[in-house]
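my_file-v4.tsv (TSV, C-alpha atoms and all ligand atoms) appears below.
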chain	number	residue	atom	x	y	z
A	1	MET	CA	0.50	-3.23	14.73
A	2	THR	CA	2.35	-4.63	11.76
A	3	ARG	CA	5.59	-3.02	10.67
A	4	CYS	CA	7.51	-3.18	7.42
A	5	ALA	CA	10.36	-5.69	7.81
A	6	TRP	CA	12.63	-3.29	5.96
A	7	CYS	CA	11.86	0.32	6.92
A	8	GLY	CA	9.82	-0.19	10.09
A	9	ASP	CA	6.89	1.92	8.89
A	10	ASP	CA	3.41	0.88	9.93
A	11	VAL	CA	1.69	-1.39	7.44
A	12	GLU	CA	-2.09	-1.20	7.46
A	13	GLU	CA	-3.97	-4.46	7.83
A	14	ASP	CA	-5.53	-4.05	4.38
A	15	ASP	CA	-2.52	-2.67	2.57
A	16	GLY	CA	1.04	-3.53	1.65
A	17	PHE	CA	2.57	-6.95	1.09
A	18	ARG	CA	3.05	-10.08	3.17
A	19	ALA	CA	5.64	-12.70	2.39
A	20	TYR	CA	4.94	-16.15	3.81
A	21	GLU	CA	7.13	-19.15	4.04
A	22	VAL	CA	4.30	-21.41	5.07
A	23	GLU	CA	6.37	-24.57	5.59
A	24	GLY	CA	8.79	-22.75	7.88
A	25	ARG	CA	5.93	-20.77	9.50
A	26	ARG	CA	7.58	-17.46	8.83
A	27	VAL	CA	6.14	-14.15	7.73
A	28	ALA	CA	7.44	-10.72	6.80
A	29	ALA	CA	5.38	-7.59	6.06
A	30	PHE	CA	6.25	-4.81	3.64
A	31	CYS	CA	4.80	-1.37	2.97
A	32	ARG	CA	5.79	-1.53	-0.71
A	33	LEU	CA	7.29	-3.84	-3.28
A	34	GLU	CA	10.63	-2.02	-3.41
A	35	HIS	CA	11.15	-2.86	0.23
A	36	VAL	CA	10.84	-6.57	-0.50
A	37	VAL	CA	13.91	-6.20	-2.71
A	38	ALA	CA	15.91	-4.18	-0.18
A	39	TRP	CA	15.00	-6.60	2.59
A	40	GLY	CA	16.00	-9.66	0.59
A	41	LEU	CA	19.35	-8.21	-0.37
A	42	ARG	CA	20.38	-6.94	3.03
A	43	SER	CA	18.72	-8.65	5.98
A	44	ALA	CA	15.84	-11.02	5.18
A	45	TYR	CA	14.65	-11.06	8.78
A	46	TRP	CA	11.43	-13.07	9.25
A	47	ASP	CA	8.92	-13.06	12.07
A	48	PRO	CA	7.31	-16.25	13.32
A	49	ALA	CA	3.87	-16.77	11.76
A	50	THR	CA	0.90	-17.98	13.71
A	51	GLU	CA	-0.42	-21.45	12.98
A	52	GLY	CA	-2.04	-21.55	9.56
A	53	GLU	CA	-1.21	-17.94	8.73
A	54	GLY	CA	-0.85	-17.51	4.97
A	55	ALA	CA	-2.24	-20.96	4.23
A	56	ASP	CA	-5.29	-19.60	2.37
A	57	SER	CA	-3.10	-17.69	-0.03
A	58	ASP	CA	-0.67	-20.58	-0.30
A	59	ALA	CA	-3.47	-22.85	-1.50
A	60	GLN	CA	-4.00	-20.57	-4.51
A	61	VAL	CA	-0.51	-20.86	-5.97
A	62	SER	CA	1.07	-23.87	-7.63
A	63	GLU	CA	3.97	-22.55	-9.65
A	64	CYS	CA	6.74	-19.97	-9.39
A	65	ALA	CA	5.64	-16.59	-10.82
A	66	GLN	CA	9.24	-15.95	-11.86
A	67	CYS	CA	10.42	-19.20	-13.49
A	68	GLY	CA	7.22	-21.26	-13.81
A	69	ALA	CA	8.59	-24.23	-11.85
A	70	PRO	CA	6.06	-26.24	-9.84
A	71	LEU	CA	6.32	-25.33	-6.17
A	72	GLY	CA	7.79	-27.84	-3.75
A	73	ASP	CA	7.19	-28.10	-0.03
A	74	VAL	CA	9.43	-25.18	0.79
A	75	HIS	CA	8.55	-22.06	-1.13
A	76	VAL	CA	7.48	-18.48	-0.58
A	77	VAL	CA	4.17	-16.73	-1.19
A	78	LEU	CA	3.97	-12.99	-1.58
A	79	VAL	CA	0.50	-11.55	-1.01
A	80	ARG	CA	-0.53	-8.08	-2.13
A	81	ARG	CA	-3.21	-6.67	0.15
A	82	ARG	CA	-5.48	-4.03	-1.26
A	83	GLY	CA	-8.62	-3.43	0.73
A	84	GLU	CA	-10.55	-6.68	0.71
A	85	ALA	CA	-8.40	-8.16	-2.04
A	86	ARG	CA	-5.62	-10.66	-1.38
A	87	ILE	CA	-3.51	-11.26	-4.45
A	88	PRO	CA	-1.00	-14.11	-4.00
A	89	ASP	CA	2.03	-15.00	-6.11
A	90	GLY	CA	4.16	-18.04	-5.36
A	91	PHE	CA	7.92	-18.45	-5.71
A	92	CYS	CA	10.28	-21.42	-5.56
A	93	SER	CA	12.78	-19.36	-3.54
A	94	VAL	CA	13.35	-15.96	-1.96
A	95	ASP	CA	15.79	-15.25	-4.79
A	96	HIS	CA	13.05	-15.60	-7.38
A	97	MET	CA	10.70	-13.46	-5.33
A	98	LEU	CA	13.38	-10.76	-5.37
A	99	ALA	CA	14.02	-11.10	-9.10
A	100	TRP	CA	10.30	-10.78	-9.74
A	101	ALA	CA	9.87	-7.83	-7.36
A	102	LYS	CA	12.88	-6.10	-8.89
A	103	ARG	CA	11.34	-6.05	-12.34
A	104	GLY	CA	8.12	-4.59	-10.96
A	105	GLY	CA	6.12	-7.61	-9.87
A	106	ARG	CA	2.80	-8.67	-11.28
A	107	TRP	CA	2.18	-5.48	-13.22
A	108	ALA	CA	5.53	-5.36	-14.97
A	109	PRO	CA	5.65	-5.51	-18.76
A	110	PRO	CA	6.82	-8.89	-20.09
A	111	ALA	CA	10.60	-9.25	-20.04
A	201	ZN	ZN	8.86	-0.30	4.07
A	202	ZN	ZN	11.36	-19.89	-9.47

Take the structure in this file and express it as structure tokens.
Amino acid sequence: MTRCAWCGDDVEEDDGFRAYEVEGRRVAAFCRLEHVVAWGLRSAYWDPATEGEGADSDAQVSECAQCGAPLGDVHVVLVRRRGEARIPDGFCSVDHMLAWAKRGGRWAPPA
């Protein structure tokens, strides 16, 4: 069973968000986007990821969704899971993932 890294609620396999730091082999799950923000500000506790976990999604991102910078070796990928869909966004740092999540993520109106 996967639990939200912030509130501890169950996160369904095909729902919620997963943050991956592929290079550091770390993962954190979230039930909703708001909890990514709360987690990043207060605790940012990661779980160890299994070998290769998140790599598929990582391969689909090349620049930071927040600032547009090309992604280096160490970066973060946030994946929205919705049924069969896996929607990845990449970030150059946890800070930029938080900034992006704070303004509503992918579906936010342009700043
Ligand atoms: Zn939660
Ligand atoms: Zn960035």

Calculate, to one decimal in Å, the centre and edge lengths of the box along x, y and z of the file that holds all listed atoms of stretch 67-83 of chain A with 5 Å of margin on each side, and present them as lines of an AutoDock Vina configuration file.
center_x = 0.9
center_y = -15.8
center_z = -6.5
size_x = 29.0
size_y = 34.7
size_z = 24.6

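From atom CA of A:Met97 back to atom CA of A:Ala49, the distance works out to 18.7 Å.
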
8 Å contact set for A:Cys4, only C-alpha atoms, chain neighbours under 2 positions out, as a PDB file with C-alpha atoms, in the frame of the given file:
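Writing done, so here's around.pdb:
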ATOM      1  CA  THR A   2       2.350  -4.630  11.760  1.00  0.00           C
ATOM      2  CA  TRP A   6      12.630  -3.290   5.960  1.00  0.00           C
ATOM      3  CA  CYS A   7      11.860   0.320   6.920  1.00  0.00           C
ATOM      4  CA  GLY A   8       9.820  -0.190  10.090  1.00  0.00           C
ATOM      5  CA  ASP A   9       6.890   1.920   8.890  1.00  0.00           C
ATOM      6  CA  ASP A  10       3.410   0.880   9.930  1.00  0.00           C
ATOM      7  CA  VAL A  11       1.690  -1.390   7.440  1.00  0.00           C
ATOM      8  CA  ALA A  28       7.440 -10.720   6.800  1.00  0.00           C
ATOM      9  CA  ALA A  29       5.380  -7.590   6.060  1.00  0.00           C
ATOM     10  CA  PHE A  30       6.250  -4.810   3.640  1.00  0.00           C
ATOM     11  CA  CYS A  31       4.800  -1.370   2.970  1.00  0.00           C
TER      12      CYS A  31
END

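With distances restricted to only C-alpha atoms and all ligand atoms, A:Glu34 is the closest residue to ligand ZN 201 (chain A) from A:Glu23, A:Glu84, A:Glu34, A:Asp14.
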
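Among A:Leu78, A:Gly72, A:Ala5, A:Arg86, the residue with the shortest atom-to-atom distance to A:Asp47, counting all atoms listed in the file, is A:Ala5.
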
Cut-off 7 Å, all atoms listed in the file, neighbours of ligand ZN 202 (chain A) as an MDAnalysis selection string: chainID A and resid 64:69 91:93 96

Take the structure in the block and write a file for stretch 9-21 of chain A, all heavy atoms, as a compact mmCIF listing (two decimals), in the first residue's frame.
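Written output follows (part-v2.txt):
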# COMPACT_ATOMS: atom_id res chain seq x y z
N ASP A 9 -2.53 9.38 4.06
CA ASP A 9 -3.69 8.72 3.46
C ASP A 9 -3.23 7.71 2.40
O ASP A 9 -2.19 7.88 1.80
CB ASP A 9 -4.60 9.75 2.77
CG ASP A 9 -5.63 10.32 3.73
OD1 ASP A 9 -5.57 9.98 4.93
OD2 ASP A 9 -6.46 11.12 3.27
N ASP A 10 -4.05 6.70 2.18
CA ASP A 10 -3.76 5.75 1.12
C ASP A 10 -3.80 6.45 -0.24
O ASP A 10 -4.67 7.29 -0.48
CB ASP A 10 -4.80 4.63 1.10
CG ASP A 10 -4.69 3.75 2.33
OD1 ASP A 10 -3.66 3.83 3.03
OD2 ASP A 10 -5.64 3.00 2.59
N VAL A 11 -2.85 6.11 -1.09
CA VAL A 11 -2.87 6.61 -2.46
C VAL A 11 -3.04 5.41 -3.38
O VAL A 11 -2.24 4.48 -3.36
CB VAL A 11 -1.55 7.35 -2.80
CG1 VAL A 11 -1.61 7.91 -4.23
CG2 VAL A 11 -1.29 8.47 -1.81
N GLU A 12 -4.11 5.44 -4.16
CA GLU A 12 -4.38 4.33 -5.08
C GLU A 12 -3.28 4.24 -6.13
O GLU A 12 -2.67 5.24 -6.50
CB GLU A 12 -5.73 4.55 -5.79
CG GLU A 12 -6.93 4.56 -4.88
CD GLU A 12 -7.20 3.20 -4.25
OE1 GLU A 12 -6.86 2.19 -4.89
OE2 GLU A 12 -7.73 3.17 -3.13
N GLU A 13 -3.06 3.03 -6.58
CA GLU A 13 -2.01 2.78 -7.58
C GLU A 13 -2.20 3.65 -8.83
O GLU A 13 -1.23 4.13 -9.41
CB GLU A 13 -2.06 1.29 -7.96
CG GLU A 13 -0.87 0.79 -8.73
CD GLU A 13 0.48 1.06 -8.03
OE1 GLU A 13 0.52 1.02 -6.79
OE2 GLU A 13 1.46 1.31 -8.74
N ASP A 14 -3.44 3.86 -9.22
CA ASP A 14 -3.71 4.61 -10.45
C ASP A 14 -4.24 6.01 -10.17
O ASP A 14 -5.05 6.55 -10.91
CB ASP A 14 -4.72 3.86 -11.32
CG ASP A 14 -4.08 2.66 -11.97
OD1 ASP A 14 -2.85 2.67 -12.15
OD2 ASP A 14 -4.80 1.71 -12.30
N ASP A 15 -3.81 6.59 -9.08
CA ASP A 15 -4.29 7.93 -8.73
C ASP A 15 -3.19 8.68 -7.99
O ASP A 15 -2.19 8.10 -7.57
CB ASP A 15 -5.54 7.81 -7.86
CG ASP A 15 -6.33 9.12 -7.83
OD1 ASP A 15 -6.05 10.01 -8.64
OD2 ASP A 15 -7.21 9.24 -6.96
N GLY A 16 -3.38 9.96 -7.83
CA GLY A 16 -2.45 10.76 -7.06
C GLY A 16 -1.21 11.16 -7.85
O GLY A 16 -1.20 11.15 -9.08
N PHE A 17 -0.16 11.52 -7.12
CA PHE A 17 1.08 11.99 -7.71
C PHE A 17 2.25 11.20 -7.15
O PHE A 17 2.21 10.74 -6.02
CB PHE A 17 1.30 13.47 -7.37
CG PHE A 17 0.30 14.40 -7.99
CD1 PHE A 17 -0.95 14.59 -7.41
CD2 PHE A 17 0.61 15.07 -9.15
CE1 PHE A 17 -1.88 15.44 -7.98
CE2 PHE A 17 -0.31 15.93 -9.74
CZ PHE A 17 -1.55 16.11 -9.15
N ARG A 18 3.29 11.07 -7.98
CA ARG A 18 4.55 10.49 -7.51
C ARG A 18 5.67 11.44 -7.88
O ARG A 18 5.76 11.86 -9.04
CB ARG A 18 4.86 9.15 -8.19
CG ARG A 18 3.82 8.06 -8.02
CD ARG A 18 3.70 7.56 -6.60
NE ARG A 18 2.76 6.44 -6.53
CZ ARG A 18 1.44 6.58 -6.57
NH1 ARG A 18 0.90 7.76 -6.69
NH2 ARG A 18 0.65 5.52 -6.51
N ALA A 19 6.49 11.78 -6.92
CA ALA A 19 7.68 12.56 -7.20
C ALA A 19 8.87 11.61 -7.20
O ALA A 19 9.02 10.79 -6.29
CB ALA A 19 7.88 13.64 -6.15
N TYR A 20 9.69 11.71 -8.24
CA TYR A 20 10.88 10.86 -8.34
C TYR A 20 12.12 11.72 -8.43
O TYR A 20 12.16 12.70 -9.18
CB TYR A 20 10.84 10.00 -9.61
CG TYR A 20 9.70 9.04 -9.67
CD1 TYR A 20 8.62 9.27 -10.51
CD2 TYR A 20 9.70 7.88 -8.89
CE1 TYR A 20 7.56 8.38 -10.59
CE2 TYR A 20 8.65 6.98 -8.96
CZ TYR A 20 7.58 7.24 -9.81
OH TYR A 20 6.54 6.36 -9.87
N GLU A 21 13.11 11.34 -7.67
CA GLU A 21 14.44 11.87 -7.90
C GLU A 21 15.22 10.67 -8.40
O GLU A 21 15.75 9.88 -7.61
CB GLU A 21 15.02 12.42 -6.60
CG GLU A 21 16.26 13.26 -6.82
CD GLU A 21 17.02 13.48 -5.54
OE1 GLU A 21 17.61 12.50 -5.04
OE2 GLU A 21 17.01 14.59 -5.02
